[in-house]
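Structure below is input-v5.csv: CSV, C-alpha atoms and all ligand atoms.
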chain,number,residue,atom,x,y,z
Z,1,MET,CA,-31.8,-0.4,-13.1
Z,2,THR,CA,-31.5,-3.4,-10.8
Z,3,GLY,CA,-33.8,-6.4,-10.1
Z,4,TYR,CA,-37.5,-6.2,-9.4
Z,5,ASP,CA,-38.5,-5.0,-5.9
Z,6,ASP,CA,-41.5,-7.0,-4.7
Z,7,ASN,CA,-42.4,-4.3,-2.3
Z,8,ASN,CA,-42.7,-1.4,-4.8
Z,9,ILE,CA,-46.0,0.4,-4.5
Z,10,PHE,CA,-47.5,-1.0,-7.7
Z,11,ALA,CA,-46.6,-4.6,-6.8
Z,12,ARG,CA,-48.5,-4.0,-3.5
Z,13,ILE,CA,-51.5,-2.6,-5.5
Z,14,LEU,CA,-51.4,-5.7,-7.7
Z,15,ARG,CA,-51.5,-7.9,-4.7
Z,16,GLY,CA,-54.4,-6.0,-3.2
Z,17,GLU,CA,-52.4,-4.8,-0.2
Z,18,LEU,CA,-53.0,-1.1,-1.2
Z,19,PRO,CA,-56.1,0.4,-2.7
Z,20,CYS,CA,-56.3,2.0,-6.1
Z,21,GLY,CA,-59.0,3.7,-8.2
Z,22,LYS,CA,-59.4,0.9,-10.6
Z,23,VAL,CA,-60.4,1.8,-14.1
Z,24,HIS,CA,-59.9,-1.5,-16.0
Z,25,GLU,CA,-58.4,-5.0,-15.4
Z,26,THR,CA,-57.5,-7.9,-17.7
Z,27,ASP,CA,-55.4,-11.0,-17.4
Z,28,TYR,CA,-52.4,-8.9,-18.4
Z,29,ALA,CA,-52.9,-5.4,-17.1
Z,30,LEU,CA,-54.4,-3.2,-14.4
Z,31,ALA,CA,-55.4,0.4,-15.0
Z,32,PHE,CA,-56.0,2.9,-12.2
Z,33,HIS,CA,-56.2,6.7,-11.6
Z,34,ASP,CA,-52.9,8.4,-10.8
Z,35,ILE,CA,-52.9,9.6,-7.2
Z,36,ASN,CA,-51.4,13.0,-8.3
Z,37,PRO,CA,-53.1,13.8,-11.6
Z,38,GLN,CA,-51.3,16.1,-14.1
Z,39,ALA,CA,-54.4,16.4,-16.4
Z,40,PRO,CA,-58.2,16.0,-16.0
Z,41,VAL,CA,-57.7,12.4,-17.0
Z,42,HIS,CA,-54.5,10.7,-15.8
Z,43,VAL,CA,-54.5,7.0,-15.6
Z,44,LEU,CA,-51.7,4.5,-15.2
Z,45,VAL,CA,-51.7,1.1,-17.0
Z,46,ILE,CA,-49.4,-1.5,-15.6
Z,47,PRO,CA,-48.5,-5.0,-16.7
Z,48,LYS,CA,-49.4,-7.8,-14.2
Z,49,GLY,CA,-45.9,-9.3,-14.7
Z,50,LYS,CA,-42.9,-8.2,-12.7
Z,51,PHE,CA,-41.2,-5.8,-15.0
Z,52,VAL,CA,-39.1,-3.0,-13.6
Z,53,SER,CA,-39.2,-0.7,-16.7
Z,54,MET,CA,-39.9,-0.4,-20.4
Z,55,ASP,CA,-36.5,-1.8,-21.2
Z,56,ASP,CA,-37.1,-4.8,-19.0
Z,57,PHE,CA,-40.5,-5.3,-20.5
Z,58,CYS,CA,-39.3,-5.0,-24.1
Z,59,ARG,CA,-36.5,-7.5,-23.5
Z,60,ASN,CA,-38.3,-10.1,-21.3
Z,61,ALA,CA,-42.1,-10.0,-21.7
Z,62,SER,CA,-43.9,-12.6,-23.8
Z,63,ALA,CA,-45.7,-11.6,-27.0
Z,64,GLU,CA,-49.0,-12.1,-25.1
Z,65,GLU,CA,-47.9,-9.9,-22.3
Z,66,ILE,CA,-46.8,-7.1,-24.7
Z,67,ALA,CA,-50.0,-7.3,-26.7
Z,68,GLY,CA,-52.1,-7.5,-23.5
Z,69,LEU,CA,-50.6,-4.3,-22.1
Z,70,TRP,CA,-51.0,-2.3,-25.2
Z,71,ARG,CA,-54.5,-3.5,-25.9
Z,72,ALA,CA,-55.4,-2.4,-22.4
Z,73,VAL,CA,-53.9,1.0,-23.0
Z,74,GLY,CA,-56.0,1.5,-26.1
Z,75,GLU,CA,-59.1,0.2,-24.4
Z,76,VAL,CA,-58.7,2.5,-21.4
Z,77,ALA,CA,-58.3,5.5,-23.6
Z,78,ARG,CA,-61.3,4.6,-25.6
Z,79,THR,CA,-63.4,3.8,-22.5
Z,80,LEU,CA,-62.5,7.2,-20.9
Z,81,GLY,CA,-63.6,9.0,-24.1
Z,82,LEU,CA,-60.2,10.3,-25.1
Z,83,VAL,CA,-60.0,9.1,-28.6
Z,84,GLU,CA,-61.8,12.0,-30.3
Z,85,GLY,CA,-60.2,14.9,-28.4
Z,86,GLY,CA,-56.8,13.2,-28.2
Z,87,TYR,CA,-54.5,11.9,-25.5
Z,88,ARG,CA,-50.9,11.4,-24.7
Z,89,ILE,CA,-49.1,8.2,-23.5
Z,90,LEU,CA,-45.7,8.2,-21.9
Z,91,ALA,CA,-43.5,5.8,-19.9
Z,92,ASN,CA,-40.6,7.1,-17.9
Z,93,HIS,CA,-37.5,4.8,-17.9
Z,94,GLY,CA,-34.7,5.4,-15.4
Z,95,GLY,CA,-33.1,8.5,-14.0
Z,96,HIS,CA,-33.2,11.0,-16.8
Z,97,ALA,CA,-36.9,10.5,-17.1
Z,98,HIS,CA,-37.5,10.6,-13.4
Z,99,GLN,CA,-39.0,7.2,-13.1
Z,100,GLU,CA,-40.2,7.0,-9.5
Z,101,VAL,CA,-41.9,3.6,-9.3
Z,102,PRO,CA,-39.8,0.6,-10.4
Z,103,HIS,CA,-42.7,-1.3,-12.0
Z,104,LEU,CA,-43.4,-0.4,-15.6
Z,105,HIS,CA,-46.3,2.0,-15.9
Z,106,ILE,CA,-47.8,3.7,-19.0
Z,107,HIS,CA,-49.3,7.1,-18.2
Z,108,ILE,CA,-52.4,8.1,-20.2
Z,109,LEU,CA,-53.1,11.8,-20.1
Z,110,GLY,CA,-56.0,13.7,-21.6
Z,111,GLY,CA,-59.1,15.7,-21.1
Z,112,ARG,CA,-57.7,19.1,-22.2
Z,113,PRO,CA,-55.1,20.4,-24.7
Z,114,LEU,CA,-51.8,19.1,-23.3
Z,115,GLY,CA,-49.3,21.6,-24.6
Z,116,PRO,CA,-45.8,20.9,-25.9
Z,117,MET,CA,-44.5,17.4,-25.3
Z,118,LEU,CA,-41.6,18.5,-23.1
Z,119,GLU,CA,-41.7,21.5,-20.8
Z,120,GLY,CA,-39.1,24.1,-21.9
Z,121,GLY,CA,-37.8,21.8,-24.6
Z,122,ASP,CA,-34.1,22.5,-25.3
Z,123,VAL,CA,-33.9,20.8,-28.7
Z,124,PRO,CA,-33.8,23.4,-31.5
Z,125,PRO,CA,-35.8,22.8,-34.7
Z,126,ASP,CA,-32.8,21.3,-36.5
Z,127,GLY,CA,-32.7,18.5,-33.9
Z,128,THR,CA,-29.2,19.3,-32.6
Z,129,PHE,CA,-28.6,19.5,-28.8
Z,130,THR,CA,-27.2,22.7,-27.4
Z,131,ARG,CA,-25.4,21.0,-24.5
Z,201,LIG,P1,-43.1,7.9,-12.8
Z,201,LIG,O1,-42.4,9.2,-12.5
Z,201,LIG,O2,-43.3,7.7,-14.2
Z,201,LIG,O3,-42.5,6.8,-12.1
Z,201,LIG,O4,-44.6,8.1,-12.2
Z,201,LIG,C1,-45.0,7.5,-11.0
Z,201,LIG,C2,-46.5,7.9,-10.9
Z,201,LIG,O5,-47.1,7.1,-9.9
Z,201,LIG,C3,-46.7,9.4,-10.4
Z,201,LIG,O6,-47.5,10.1,-11.4
Z,201,LIG,C4,-47.4,9.2,-9.1
Z,201,LIG,O7,-48.3,10.2,-8.9
Z,201,LIG,C5,-48.1,7.9,-9.2
Z,201,LIG,N1,-48.3,7.2,-8.0
Z,201,LIG,C6,-47.5,6.9,-7.0
Z,201,LIG,N2,-48.1,6.2,-6.0
Z,201,LIG,C7,-49.4,6.0,-6.5
Z,201,LIG,C8,-50.5,5.3,-5.9
Z,201,LIG,N3,-50.5,4.7,-4.7
Z,201,LIG,N4,-51.6,5.2,-6.7
Z,201,LIG,C9,-51.7,5.8,-7.9
Z,201,LIG,N5,-50.7,6.5,-8.4
Z,201,LIG,C10,-49.5,6.6,-7.7

Represent the structure contained in this file as structure tokens.
Amino acid sequence: MTGYDDNNIFARILRGELPCGKVHETDYALAFHDINPQAPVHVLVIPKGKFVSMDDFCRNASAEEIAGLWRAVGEVARTLGLVEGGYRILANHGGHAHQEVPHLHIHILGGRPLGPMLEGGDVPPDGTFTR
């Protein structure tokens, strides 16, 4: 992935240029409802810093920024009542994962049984790939 695009949609949400359904905000993170929810609860948690992806974040974020993002993820899941029933977090990085927005975002999904981790998973039980 290339450099950070200041006009990506989440950068614009962070600057207040576009609205969002805010759930939670700290010095390090903003959480808001996904516009196209894939589960009864589908929230995105984003760092306030300019990080394109998980790889960029893990390489370049400070310890405070890393802790701040993950604390926010845990707090949001707890606040939304997902701890007891269970929830899934995921972050798409790059092309194979279909990352659409080039600002790191952690998806929090829950509110119903979520099924297998990957739709139509093609990895057999012994862990070897077939193609
Ligand atoms: P990803 O494929 O991991 O990059 O996911 C991007 C997510 O951002 C998708 O689930 C979209 O529905 C969501 N999304 C895109 N635009 C907005 C927006 N303006 N507000 C909230 N969620 C959005």

Using only C-alpha atoms, give me every residue within 9 Å of (-48.5, 4.9, -26.3) in file coordinates, as a ChimeraX atom specification.
/Z:70,73-74,88-91,106-108

Ranking Z:Ala67, Z:Ile9, Z:Val76, Z:Met54 by minimum distance to Lys22 of chain Z and counting all atoms listed in the file, which one comes first?
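Nearest to Lys22 of chain Z: Z:Val76.
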
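For the set Z:Thr79, Z:Asn7, Z:Thr2, Z:Gln38, the residue with the smallest atom-to-atom gap to ligand LIG 201 (chain Z) is Z:Gln38, counting only C-alpha atoms and all ligand atoms.
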
Write out as number ranges by chain which residues come within 6 Å of segment 41-46 of chain Z when counting all atoms listed in the file, dropping same-chain ones fewer than 5 positions away.
Z: 29-34, 105-111

Minimum-distance residue to ligand LIG 201 (chain Z), chosen among Z:Asp56, Z:Glu75, Z:Glu25, Z:Glu17 (using only C-alpha atoms and all ligand atoms)
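Closest candidate: Z:Glu17.
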
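Among the candidate residues Z:His93, Z:Pro102, Z:Leu114, Z:Leu14, the one lying nearest to Cys58 of chain Z is Z:His93, with distances computed using all atoms listed in the file.
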
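Compared by their closest atoms to Gly94 of chain Z, and using all atoms listed in the file, the residues Z:Asp55, Z:Asp27, Z:Glu65, Z:Asp6 rank with Z:Asp55 nearest.
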